[in-house]
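Shown below: run25.tsv, with TSV, C-alpha atoms.
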```tsv
chain	number	residue	atom	x	y	z
A	1	MET	CA	-94.48	-115.14	26.66
A	2	LYS	CA	-94.03	-112.59	23.86
A	3	LYS	CA	-97.22	-113.85	22.20
A	4	LEU	CA	-99.23	-112.57	25.15
A	5	ILE	CA	-97.73	-109.08	25.47
A	6	ILE	CA	-98.54	-105.98	23.39
A	7	GLU	CA	-97.68	-102.29	23.59
A	8	ASN	CA	-100.49	-99.85	24.26
A	9	LYS	CA	-99.95	-97.98	20.99
A	10	ILE	CA	-100.71	-100.81	18.59
A	11	THR	CA	-104.00	-100.83	16.70
A	12	ILE	CA	-107.13	-102.81	17.50
A	13	LYS	CA	-106.59	-104.72	14.25
A	14	ASP	CA	-103.11	-105.81	15.32
A	15	ALA	CA	-104.36	-106.77	18.76
A	16	LEU	CA	-107.06	-108.96	17.21
A	17	GLN	CA	-104.45	-110.73	15.10
A	18	LYS	CA	-102.35	-111.29	18.22
A	19	LEU	CA	-105.33	-112.74	20.07
A	20	GLU	CA	-106.12	-115.10	17.21
A	21	SER	CA	-102.55	-116.41	17.18
A	22	ASN	CA	-102.65	-117.82	20.71
A	23	ASN	CA	-104.94	-120.00	22.80
A	24	HIS	CA	-105.51	-117.42	25.55
A	25	LYS	CA	-108.03	-114.73	24.76
A	26	CYS	CA	-106.30	-112.13	26.88
A	27	LEU	CA	-103.27	-109.92	26.28
A	28	LEU	CA	-101.05	-108.12	28.74
A	29	VAL	CA	-100.44	-104.49	27.83
A	30	VAL	CA	-97.21	-102.58	28.47
A	31	ASN	CA	-96.04	-99.07	27.63
A	32	LYS	CA	-92.95	-98.17	25.58
A	33	PHE	CA	-90.80	-98.70	28.69
A	34	GLN	CA	-92.20	-102.26	29.01
A	35	LYS	CA	-94.01	-101.32	32.23
A	36	PHE	CA	-97.21	-103.29	32.76
A	37	ILE	CA	-100.33	-101.11	32.59
A	38	GLY	CA	-103.29	-103.44	32.10
A	39	THR	CA	-105.03	-106.19	30.16
A	40	LEU	CA	-107.04	-106.46	26.96
A	41	ASN	CA	-109.23	-109.39	26.00
A	42	ASP	CA	-111.43	-110.23	23.04
A	43	GLY	CA	-114.52	-109.05	24.93
A	44	ASP	CA	-112.96	-105.62	25.48
A	45	ILE	CA	-112.30	-105.31	21.77
A	46	ARG	CA	-115.80	-106.41	20.79
A	47	ARG	CA	-117.34	-103.85	23.12
A	48	ALA	CA	-115.07	-101.13	21.76
A	49	ILE	CA	-116.05	-101.89	18.16
A	50	LEU	CA	-119.76	-101.97	19.06
A	51	LYS	CA	-119.32	-98.49	20.54
A	52	GLY	CA	-117.88	-97.25	17.24
A	53	ALA	CA	-114.13	-97.73	17.66
A	54	LYS	CA	-112.20	-98.08	14.38
A	55	VAL	CA	-109.92	-101.07	13.86
A	56	GLN	CA	-107.06	-98.66	13.09
A	57	SER	CA	-107.46	-96.83	16.40
A	58	LYS	CA	-105.06	-97.47	19.27
A	59	VAL	CA	-105.89	-99.99	21.96
A	60	ASP	CA	-104.74	-97.70	24.77
A	61	GLU	CA	-108.14	-96.25	25.69
A	62	HIS	CA	-109.73	-99.72	25.82
A	63	VAL	CA	-107.20	-101.30	28.18
A	64	ARG	CA	-108.38	-102.43	31.62
A	65	LYS	CA	-106.23	-100.29	33.89
A	66	ASN	CA	-106.90	-102.04	37.22
A	67	PRO	CA	-105.65	-105.57	36.55
A	68	VAL	CA	-104.79	-108.46	38.84
A	69	PHE	CA	-101.07	-109.15	39.16
A	70	LEU	CA	-98.57	-110.81	41.49
A	71	LYS	CA	-95.24	-109.56	42.76
A	72	GLU	CA	-92.09	-111.47	41.92
A	73	ASN	CA	-91.10	-111.75	45.57
A	74	GLN	CA	-94.53	-112.27	47.09
A	75	LYS	CA	-94.61	-111.31	50.81
A	76	LYS	CA	-97.08	-112.21	53.51
A	77	ASN	CA	-98.08	-108.58	54.03
A	78	SER	CA	-98.81	-108.05	50.33
A	79	GLY	CA	-102.55	-108.44	50.74
A	80	PHE	CA	-102.53	-111.72	48.83
A	81	LEU	CA	-101.41	-113.90	51.75
A	82	ASP	CA	-102.64	-114.03	55.31
A	83	LYS	CA	-100.49	-114.60	58.40
A	84	ASN	CA	-100.59	-118.35	57.82
A	85	ASN	CA	-99.30	-117.90	54.26
A	86	ARG	CA	-102.58	-119.02	52.71
A	87	MET	CA	-103.95	-117.54	49.55
A	88	SER	CA	-106.37	-114.68	49.93
A	89	HIS	CA	-109.96	-115.66	49.20
A	90	ASN	CA	-110.54	-112.20	47.74
A	91	LEU	CA	-107.82	-112.68	45.14
A	92	LEU	CA	-109.29	-115.98	43.97
A	93	LYS	CA	-112.76	-114.46	43.86
A	94	LYS	CA	-111.50	-111.53	41.79
A	95	ILE	CA	-109.86	-113.91	39.31
A	96	ASP	CA	-113.08	-115.95	39.00
A	97	ASP	CA	-115.45	-112.97	38.83
A	98	ASN	CA	-113.47	-111.29	36.08
A	99	LYS	CA	-112.89	-114.54	34.17
A	100	ILE	CA	-109.14	-113.92	34.35
A	101	ASP	CA	-107.19	-116.48	32.33
A	102	LEU	CA	-103.63	-115.47	33.11
A	103	VAL	CA	-101.81	-113.38	35.71
A	104	PRO	CA	-98.51	-111.52	35.23
A	105	VAL	CA	-95.74	-111.69	37.82
A	106	LEU	CA	-94.03	-108.29	38.07
A	107	ASP	CA	-90.69	-107.08	39.38
A	108	LYS	CA	-90.20	-103.90	41.41
A	109	LYS	CA	-90.32	-101.76	38.24
A	110	PHE	CA	-93.62	-103.33	37.17
A	111	LYS	CA	-91.99	-105.20	34.30
A	112	ILE	CA	-93.36	-108.64	33.47
A	113	LYS	CA	-91.00	-111.38	34.62
A	114	GLU	CA	-93.25	-114.35	33.95
A	115	ILE	CA	-96.85	-115.25	33.26
A	116	ILE	CA	-98.78	-117.84	35.25
A	117	PHE	CA	-102.14	-119.24	34.36
A	118	LYS	CA	-105.22	-119.30	36.56
A	119	LYS	CA	-104.78	-122.92	37.58
A	120	ASP	CA	-101.21	-122.22	38.73
A	121	VAL	CA	-101.88	-119.15	40.91
A	122	LYS	CA	-102.53	-121.19	44.05
A	123	ASN	CA	-99.30	-123.13	43.64
A	124	PHE	CA	-97.37	-119.89	43.11
A	125	LEU	CA	-98.68	-118.28	46.26
A	126	ASN	CA	-98.46	-121.39	48.41
A	127	LEU	CA	-94.73	-121.77	47.85
A	128	SER	CA	-93.82	-120.53	51.32
A	129	GLN	CA	-90.33	-120.52	52.73
A	130	ASN	CA	-91.11	-123.88	54.32
A	131	ASN	CA	-91.67	-125.23	50.82
A	132	LYS	CA	-88.40	-123.99	49.38
A	133	ILE	CA	-85.38	-126.07	48.51
A	134	PRO	CA	-82.06	-124.85	49.98
A	135	GLU	CA	-80.43	-122.32	47.65
A	136	LYS	CA	-77.15	-124.25	47.67
A	137	VAL	CA	-78.82	-127.14	45.78
A	138	PRO	CA	-78.28	-126.68	42.01
A	139	ALA	CA	-80.20	-128.13	39.06
A	140	ILE	CA	-78.45	-129.55	36.00
A	141	ILE	CA	-80.41	-129.59	32.73
A	142	MET	CA	-79.08	-132.19	30.29
A	143	ALA	CA	-79.53	-130.45	26.94
A	144	GLY	CA	-76.71	-131.76	24.75
A	145	GLY	CA	-78.53	-134.41	22.74
A	146	GLU	CA	-79.70	-134.17	19.13
A	147	GLY	CA	-83.29	-135.18	19.86
A	148	THR	CA	-83.46	-137.98	17.31
A	149	ARG	CA	-87.08	-138.79	18.21
A	150	LEU	CA	-88.06	-135.31	16.98
A	151	LYS	CA	-85.91	-135.30	13.87
A	152	GLN	CA	-88.23	-133.07	11.81
A	153	PHE	CA	-88.01	-130.38	14.49
A	154	THR	CA	-84.45	-130.88	15.70
A	155	ASN	CA	-82.99	-130.71	12.20
A	156	TYR	CA	-83.50	-126.97	12.63
A	157	PHE	CA	-83.87	-126.30	16.36
A	158	PRO	CA	-82.35	-127.90	19.47
A	159	LYS	CA	-84.59	-130.08	21.62
A	160	PRO	CA	-84.60	-127.66	24.62
A	161	LEU	CA	-86.49	-125.13	22.49
A	162	VAL	CA	-89.43	-127.44	21.74
A	163	PRO	CA	-92.57	-125.30	22.20
A	164	PHE	CA	-94.76	-125.92	25.24
A	165	GLN	CA	-97.91	-123.84	25.64
A	166	ASP	CA	-96.70	-120.25	25.24
A	167	THR	CA	-93.09	-120.92	26.13
A	168	THR	CA	-90.39	-123.57	25.58
A	169	ALA	CA	-89.58	-126.77	27.45
A	170	THR	CA	-86.39	-125.23	28.86
A	171	GLU	CA	-88.11	-122.09	30.14
A	172	HIS	CA	-90.77	-124.20	31.84
A	173	ILE	CA	-88.12	-126.32	33.58
A	174	ILE	CA	-86.11	-123.27	34.70
A	175	LYS	CA	-89.21	-121.50	36.03
A	176	THR	CA	-90.27	-124.60	37.97
A	177	PHE	CA	-86.92	-124.89	39.75
A	178	LYS	CA	-86.73	-121.16	40.46
A	179	ASN	CA	-90.23	-121.22	41.95
A	180	TYR	CA	-88.92	-123.72	44.50
A	181	GLY	CA	-85.96	-121.55	45.44
A	182	VAL	CA	-83.26	-123.14	43.27
A	183	LYS	CA	-80.88	-120.30	42.36
A	184	LYS	CA	-78.19	-122.11	40.42
A	185	ILE	CA	-79.18	-123.58	37.05
A	186	ILE	CA	-76.56	-125.30	34.89
A	187	MET	CA	-77.18	-126.48	31.32
A	188	SER	CA	-75.05	-129.12	29.64
A	189	VAL	CA	-75.07	-128.29	25.92
A	190	ASN	CA	-73.59	-129.54	22.67
A	191	TYR	CA	-75.96	-129.82	19.70
A	192	LYS	CA	-76.89	-126.33	18.41
A	193	LYS	CA	-75.62	-124.88	21.70
A	194	ASN	CA	-75.25	-121.35	20.29
A	195	LEU	CA	-78.94	-121.26	19.43
A	196	ILE	CA	-79.83	-122.26	22.99
A	197	LYS	CA	-77.55	-119.63	24.52
A	198	SER	CA	-78.76	-116.91	22.16
A	199	TYR	CA	-82.40	-117.70	22.87
A	200	LEU	CA	-81.98	-117.57	26.64
A	201	ASN	CA	-79.97	-114.35	26.39
A	202	GLU	CA	-82.51	-112.70	24.07
A	203	ASN	CA	-85.35	-113.61	26.44
A	204	LYS	CA	-83.37	-112.32	29.44
A	205	ILE	CA	-83.37	-115.66	31.27
A	206	LYS	CA	-80.66	-115.04	33.84
A	207	ASN	CA	-78.62	-117.04	36.34
A	208	VAL	CA	-78.06	-119.92	33.92
A	209	SER	CA	-74.51	-121.16	33.38
A	210	PHE	CA	-73.31	-123.68	30.82
A	211	ILE	CA	-71.01	-126.65	30.53
A	212	ASN	CA	-69.96	-127.37	26.96
A	213	GLU	CA	-69.71	-130.95	25.75
A	214	LYS	CA	-66.92	-131.19	23.17
A	215	LYS	CA	-68.54	-134.37	21.85
A	216	PRO	CA	-71.83	-136.18	22.51
A	217	MET	CA	-71.59	-137.49	26.06
A	218	GLY	CA	-74.87	-139.36	26.46
A	219	SER	CA	-77.48	-138.57	29.09
A	220	ALA	CA	-74.99	-138.65	32.00
A	221	GLY	CA	-71.42	-138.38	30.69
A	222	SER	CA	-71.16	-134.59	30.86
A	223	LEU	CA	-71.57	-134.73	34.65
A	224	SER	CA	-67.84	-135.54	34.73
A	225	LEU	CA	-67.23	-131.90	33.77
A	226	LEU	CA	-68.64	-130.91	37.17
A	227	ARG	CA	-66.33	-133.09	39.24
A	228	GLY	CA	-64.91	-131.07	42.12
A	229	LYS	CA	-67.39	-128.24	41.51
A	230	LEU	CA	-70.45	-129.58	43.32
A	231	LYS	CA	-70.38	-130.01	47.10
A	232	ASN	CA	-74.09	-130.52	47.74
A	233	ASN	CA	-76.90	-132.74	46.56
A	234	PHE	CA	-78.00	-131.75	43.07
A	235	PHE	CA	-80.90	-132.25	40.67
A	236	VAL	CA	-80.43	-133.60	37.17
A	237	ILE	CA	-83.26	-133.37	34.63
A	238	ASN	CA	-83.63	-134.16	30.94
A	239	CYS	CA	-84.45	-131.10	28.84
A	240	ASP	CA	-87.61	-132.78	27.49
A	241	THR	CA	-89.01	-133.71	30.92
A	242	LEU	CA	-91.84	-131.50	32.18
A	243	LEU	CA	-93.31	-132.30	35.57
A	244	ASN	CA	-96.03	-130.99	37.82
A	245	ILE	CA	-94.79	-132.25	41.18
A	246	ASN	CA	-93.80	-130.82	44.54
A	247	LEU	CA	-90.02	-130.64	44.23
A	248	LYS	CA	-89.62	-129.98	47.95
A	249	LYS	CA	-91.36	-133.25	48.81
A	250	PHE	CA	-89.09	-135.01	46.33
A	251	TYR	CA	-86.03	-133.38	47.90
A	252	ASP	CA	-87.16	-134.27	51.44
A	253	PHE	CA	-87.82	-137.87	50.38
A	254	HIS	CA	-84.25	-138.09	49.08
A	255	ILE	CA	-82.68	-136.49	52.16
A	256	ASN	CA	-84.77	-138.19	54.84
A	257	ASN	CA	-84.06	-141.65	53.43
A	258	ASN	CA	-80.37	-140.90	52.88
A	259	TYR	CA	-80.49	-142.15	49.30
A	260	PHE	CA	-77.36	-141.97	47.19
A	261	LEU	CA	-79.55	-141.47	44.14
A	262	THR	CA	-83.30	-140.89	43.85
A	263	LEU	CA	-85.26	-140.98	40.60
A	264	VAL	CA	-88.82	-139.96	39.77
A	265	ALA	CA	-91.03	-142.61	38.16
A	266	ALA	CA	-94.52	-142.21	36.71
A	267	HIS	CA	-97.23	-144.86	36.77
A	268	LYS	CA	-97.93	-145.98	33.18
A	269	SER	CA	-100.66	-148.38	32.13
A	270	PHE	CA	-100.89	-150.05	28.73
A	271	GLU	CA	-103.70	-152.17	27.34
A	272	LEU	CA	-102.73	-154.56	24.54
A	273	SER	CA	-105.10	-154.59	21.59
A	274	TYR	CA	-104.90	-158.37	21.32
A	275	GLY	CA	-105.41	-161.40	23.45
A	276	THR	CA	-102.23	-163.03	24.72
A	277	CYS	CA	-101.54	-166.76	24.69
A	278	GLU	CA	-100.10	-168.71	27.59
A	279	ILE	CA	-98.65	-172.02	26.45
A	280	LYS	CA	-97.37	-175.12	28.15
A	281	LYS	CA	-93.84	-176.45	27.70
A	282	ASN	CA	-94.95	-178.75	24.89
A	283	GLY	CA	-96.51	-175.89	22.96
A	284	GLU	CA	-100.09	-176.67	23.95
A	285	LEU	CA	-102.33	-173.68	24.65
A	286	ASN	CA	-102.97	-173.19	28.34
A	287	LYS	CA	-105.24	-170.13	28.16
A	288	ILE	CA	-105.86	-166.83	26.36
A	289	LYS	CA	-105.87	-163.61	28.32
A	290	GLU	CA	-108.00	-161.02	26.51
A	291	LYS	CA	-106.45	-157.54	26.11
A	292	PRO	CA	-104.35	-157.61	29.28
A	293	LYS	CA	-103.33	-154.41	31.06
A	294	LEU	CA	-99.71	-153.87	31.92
A	295	ASP	CA	-98.63	-151.51	34.69
A	296	TYR	CA	-95.16	-150.00	34.91
A	297	LEU	CA	-93.23	-147.33	36.74
A	298	ALA	CA	-91.52	-145.35	34.00
A	299	ASN	CA	-88.32	-143.40	34.66
A	300	VAL	CA	-89.24	-139.82	33.70
A	301	GLY	CA	-85.76	-138.27	33.68
A	302	LEU	CA	-85.57	-136.32	36.95
A	303	TYR	CA	-82.97	-137.32	39.55
A	304	LEU	CA	-81.41	-136.22	42.83
A	305	PHE	CA	-77.79	-137.19	43.42
A	306	LYS	CA	-75.34	-137.04	46.26
A	307	PRO	CA	-72.23	-135.19	45.04
A	308	GLU	CA	-70.11	-138.33	45.61
A	309	ILE	CA	-71.74	-139.88	42.55
A	310	LEU	CA	-69.45	-137.80	40.32
A	311	LYS	CA	-66.47	-140.00	41.09
A	312	TYR	CA	-68.20	-142.83	39.21
A	313	VAL	CA	-68.51	-140.78	36.00
A	314	LYS	CA	-65.33	-141.11	33.94
A	315	LYS	CA	-63.93	-138.01	32.26
A	316	ASN	CA	-64.36	-137.61	28.51
A	317	THR	CA	-66.33	-140.86	28.33
A	318	PRO	CA	-69.91	-141.02	27.01
A	319	LEU	CA	-72.30	-142.51	29.55
A	320	GLU	CA	-76.04	-143.13	29.52
A	321	MET	CA	-78.03	-142.54	32.69
A	322	ASP	CA	-79.37	-146.10	32.89
A	323	ASN	CA	-75.80	-147.42	32.86
A	324	LEU	CA	-74.82	-145.03	35.63
A	325	ILE	CA	-77.78	-146.22	37.70
A	326	LYS	CA	-76.77	-149.86	37.14
A	327	LEU	CA	-73.22	-149.01	38.21
A	328	ILE	CA	-74.45	-147.35	41.41
A	329	LYS	CA	-76.72	-150.31	42.13
A	330	ASN	CA	-73.77	-152.70	41.69
A	331	LYS	CA	-71.84	-150.60	44.21
A	332	LYS	CA	-74.58	-151.43	46.75
A	333	LYS	CA	-75.63	-147.79	47.11
A	334	LYS	CA	-79.19	-146.92	48.18
A	335	ILE	CA	-81.39	-145.85	45.26
A	336	GLY	CA	-84.83	-144.40	45.90
A	337	VAL	CA	-87.86	-144.21	43.61
A	338	PHE	CA	-90.30	-141.30	44.02
A	339	PRO	CA	-93.61	-142.31	42.34
A	340	ILE	CA	-95.93	-139.82	40.64
A	341	SER	CA	-99.07	-140.09	38.52
A	342	GLU	CA	-98.91	-140.34	34.76
A	343	ASN	CA	-100.78	-137.02	34.48
A	344	SER	CA	-97.94	-135.22	36.26
A	345	TRP	CA	-95.46	-135.93	33.45
A	346	ILE	CA	-95.17	-134.63	29.90
A	347	ASP	CA	-92.41	-135.96	27.64
A	348	THR	CA	-91.86	-133.22	25.04
A	349	GLY	CA	-89.27	-135.38	23.30
A	350	SER	CA	-91.87	-137.90	22.12
A	351	PRO	CA	-93.14	-137.46	18.55
A	352	ASN	CA	-96.41	-139.15	19.53
A	353	LYS	CA	-97.11	-137.00	22.55
A	354	GLU	CA	-100.60	-135.62	22.97
A	355	GLU	CA	-101.17	-131.90	23.39
A	356	LYS	CA	-101.27	-131.89	27.18
A	357	SER	CA	-101.12	-129.26	29.86
A	358	PHE	CA	-100.88	-129.42	33.62
```

Go ahead and express the file in the form of structure tokens.
Amino acid sequence: MKKLIIENKITIKDALQKLESNNHKCLLVVNKFQKFIGTLNDGDIRRAILKGAKVQSKVDEHVRKNPVFLKENQKKNSGFLDKNNRMSHNLLKKIDDNKIDLVPVLDKKFKIKEIIFKKDVKNFLNLSQNNKIPEKVPAIIMAGGEGTRLKQFTNYFPKPLVPFQDTTATEHIIKTFKNYGVKKIIMSVNYKKNLIKSYLNENKIKNVSFINEKKPMGSAGSLSLLRGKLKNNFFVINCDTLLNINLKKFYDFHINNNYFLTLVAAHKSFELSYGTCEIKKNGELNKIKEKPKLDYLANVGLYLFKPEILKYVKKNTPLEMDNLIKLIKNKKKKIGVFPISENSWIDTGSPNKEEKSF
């Protein structure tokens, strides 16, 4: 988020450098008190220079002072929503007409709390109270692992701080849950935990508490540290799992079907580069299937649990999530699968991941 914010007293030259360092050709401008005052894009700077502005002059007089923004606690009478809680056509038209790329979300003091991109504005405004998850439902982010798949990065930084667009994986996850009304966020940390805590504190990401793993506990073992502390259903998500799904629909699916555990799975298709051989028992070729396609439902790392599941997680014992799921299945408990499309999932922990966005 810092890459997209400048103070109104910096020079045009510095603003140009800031624009060139990010993928969005628009900056949000604040004053010395960090109050939002307007926007500045590359077109504004070009026009200023054509009119004779010097690159060492301040950007203040070239800032657009009537910008589009959203309030942190958007209300129906704000002018952006109608009585049916639908997005105002005028707001969308203004965003399109002015080629607005990003929109700040402001608190009561006009300070920037988050930045959402044009494609996400509709989702932000359409999150009505009917689309909120009960506040008593917490989310647990499993962030204790070393991130061995990203060894070149995680030798220096913890996996939760993997960059994603203009933020980090952890910030994206936290923002997603908070947008759906989840108030209580808990992070399970171990590897480079002080870096994680310092980063969240420095970036003023509040209402996040921590459980500290004294040793590596696997992808599920640290849940034992929450035994007796959780009385309601709760989310669990891997810190490298980014999803673009309706969490309320996922929650309702879990509740309405009375599942003990529900996991999210993405459709994945693979095409082999070679033909495959089918053979008879005696080794004789039966047929060749040319470049077959294989379809799977891949576990993406987002779960909803009943609180009773914690009694199956032994204290101070490492446990992987797949083993916990097998244990629950052997106990004859109901396990649900909530399917999503492959395009709704980004695995930031994969070294071979493509540069994707939602």

Give me, as a Markdown table, each residue of stretch 202-227 of chain A that comes within 12 Å of stretch 156-179 of chain A, together with its shortest interatomic pair and the distance in Å at one decimal, counting only C-alpha atoms, with rows ordered by chain and rising residue number.
```
| residue | atom | partner | partner_atom | distance |
| --- | --- | --- | --- | --- |
| A:Asn203 | CA | A:Glu171 | CA | 9.7 |
| A:Lys204 | CA | A:Glu171 | CA | 10.9 |
| A:Ile205 | CA | A:Glu171 | CA | 8.1 |
| A:Lys206 | CA | A:Ile174 | CA | 9.9 |
| A:Asn207 | CA | A:Ile174 | CA | 9.9 |
| A:Val208 | CA | A:Ile174 | CA | 8.8 |
| A:Ser209 | CA | A:Ile174 | CA | 11.9 |
```

*Could you jot down the atom CA of A:Gln17 to atom CA of A:Phe36 separation for me, Å, one decimal place?*
20.5 Å

Proximity of stretch 181-295 of chain A to stretch 312-331 of chain A: per-residue shortest pair, 6 Å limit, only C-alpha atoms, as a Markdown table:
```
| residue | atom | partner | partner_atom | distance |
| --- | --- | --- | --- | --- |
| A:Met217 | CA | A:Pro318 | CA | 4.0 |
| A:Gly218 | CA | A:Glu320 | CA | 5.0 |
| A:Ser219 | CA | A:Glu320 | CA | 4.8 |
| A:Ala220 | CA | A:Met321 | CA | 5.0 |
| A:Gly221 | CA | A:Leu319 | CA | 4.4 |
| A:Ser224 | CA | A:Lys315 | CA | 5.2 |
```

*Within 7 Å of A:Ile346 using only C-alpha atoms, minus same-chain residues under 4 positions, as a ChimeraX atom specification*: /A:241-243

*Mind giving me the straight-line distance from atom CA of A:Lys3 to atom CA of A:Glu202 in Å, one decimal?*
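Straight-line distance from atom CA of A:Lys3 to atom CA of A:Glu202 works out to 14.9 Å.
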
*Within 12 Å of (-90.2, -103.5, 27.9), all atoms listed in the file: residues as a list in words?*
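Looking at atoms near the point gives Lys2, Ile5, Ile6, Glu7, Asn8, Leu28, Val29, Val30, Asn31, Lys32, Phe33, Gln34, Lys35, Phe36, Ile37, Leu106, Lys109, Phe110, Lys111, Ile112, Lys113, Asn203 and Lys204 of chain A.
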
*Separation of atom CA of A:Ile211 and atom CA of A:Leu261, in Å?*
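For atom CA of A:Ile211 relative to atom CA of A:Leu261, the distance reads 21.9 Å.
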
_Counting all atoms listed in the file, find residues at most 10 Å from (-96.8, -149.8, 36.9) (file frame) and give them as a PyMOL selection string._
chain A and resi 265-270+293-298+339+342

_Calculated over all atoms listed in the file, which of the candidates A:Phe250, A:Tyr274, A:Phe305, A:Phe260 has the smallest distance to A:Asn131?_
A:Phe250

*With all atoms listed in the file as the basis for distance, which of A:Lys9, A:Lys71, A:Arg227, A:Lys108 is at the shortest distance from A:Val59?*
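Smallest separation from A:Val59 among the options: A:Lys9.
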
*Closest of A:Leu40, A:Ile309, A:Leu195, A:Ile340 to A:Lys231 - atom-to-atom distances counting all atoms listed in the file*: A:Ile309

*Have a look at A:Ala48, A:Asn244, A:Ala53, A:Lys58 and name the one nearest to A:Ala15; count only C-alpha atoms.*
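Ranking A:Ala48, A:Asn244, A:Ala53, A:Lys58 by distance to A:Ala15, first place goes to A:Lys58.
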
*Between A:Phe69, A:Phe338, A:Phe117, A:Phe234, single out the one closest to A:Asn257, counting all atoms listed in the file.*
A:Phe338

*Could you check which of A:Val182, A:Val105, A:Cys239, A:Leu223 is closest to A:Met142, using all atoms listed in the file?*
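Ranked by minimum distance to A:Met142, first place goes to A:Cys239.
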
_as a list of chain:residue names, please: the residues near A:Gly275 (cut-off 8 Å, all atoms listed in the file, same-chain neighbours under 4 positions excluded)._
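Listing them by chain and then by number gives A:Ile288, A:Lys289, A:Glu290, A:Lys291, A:Pro292.
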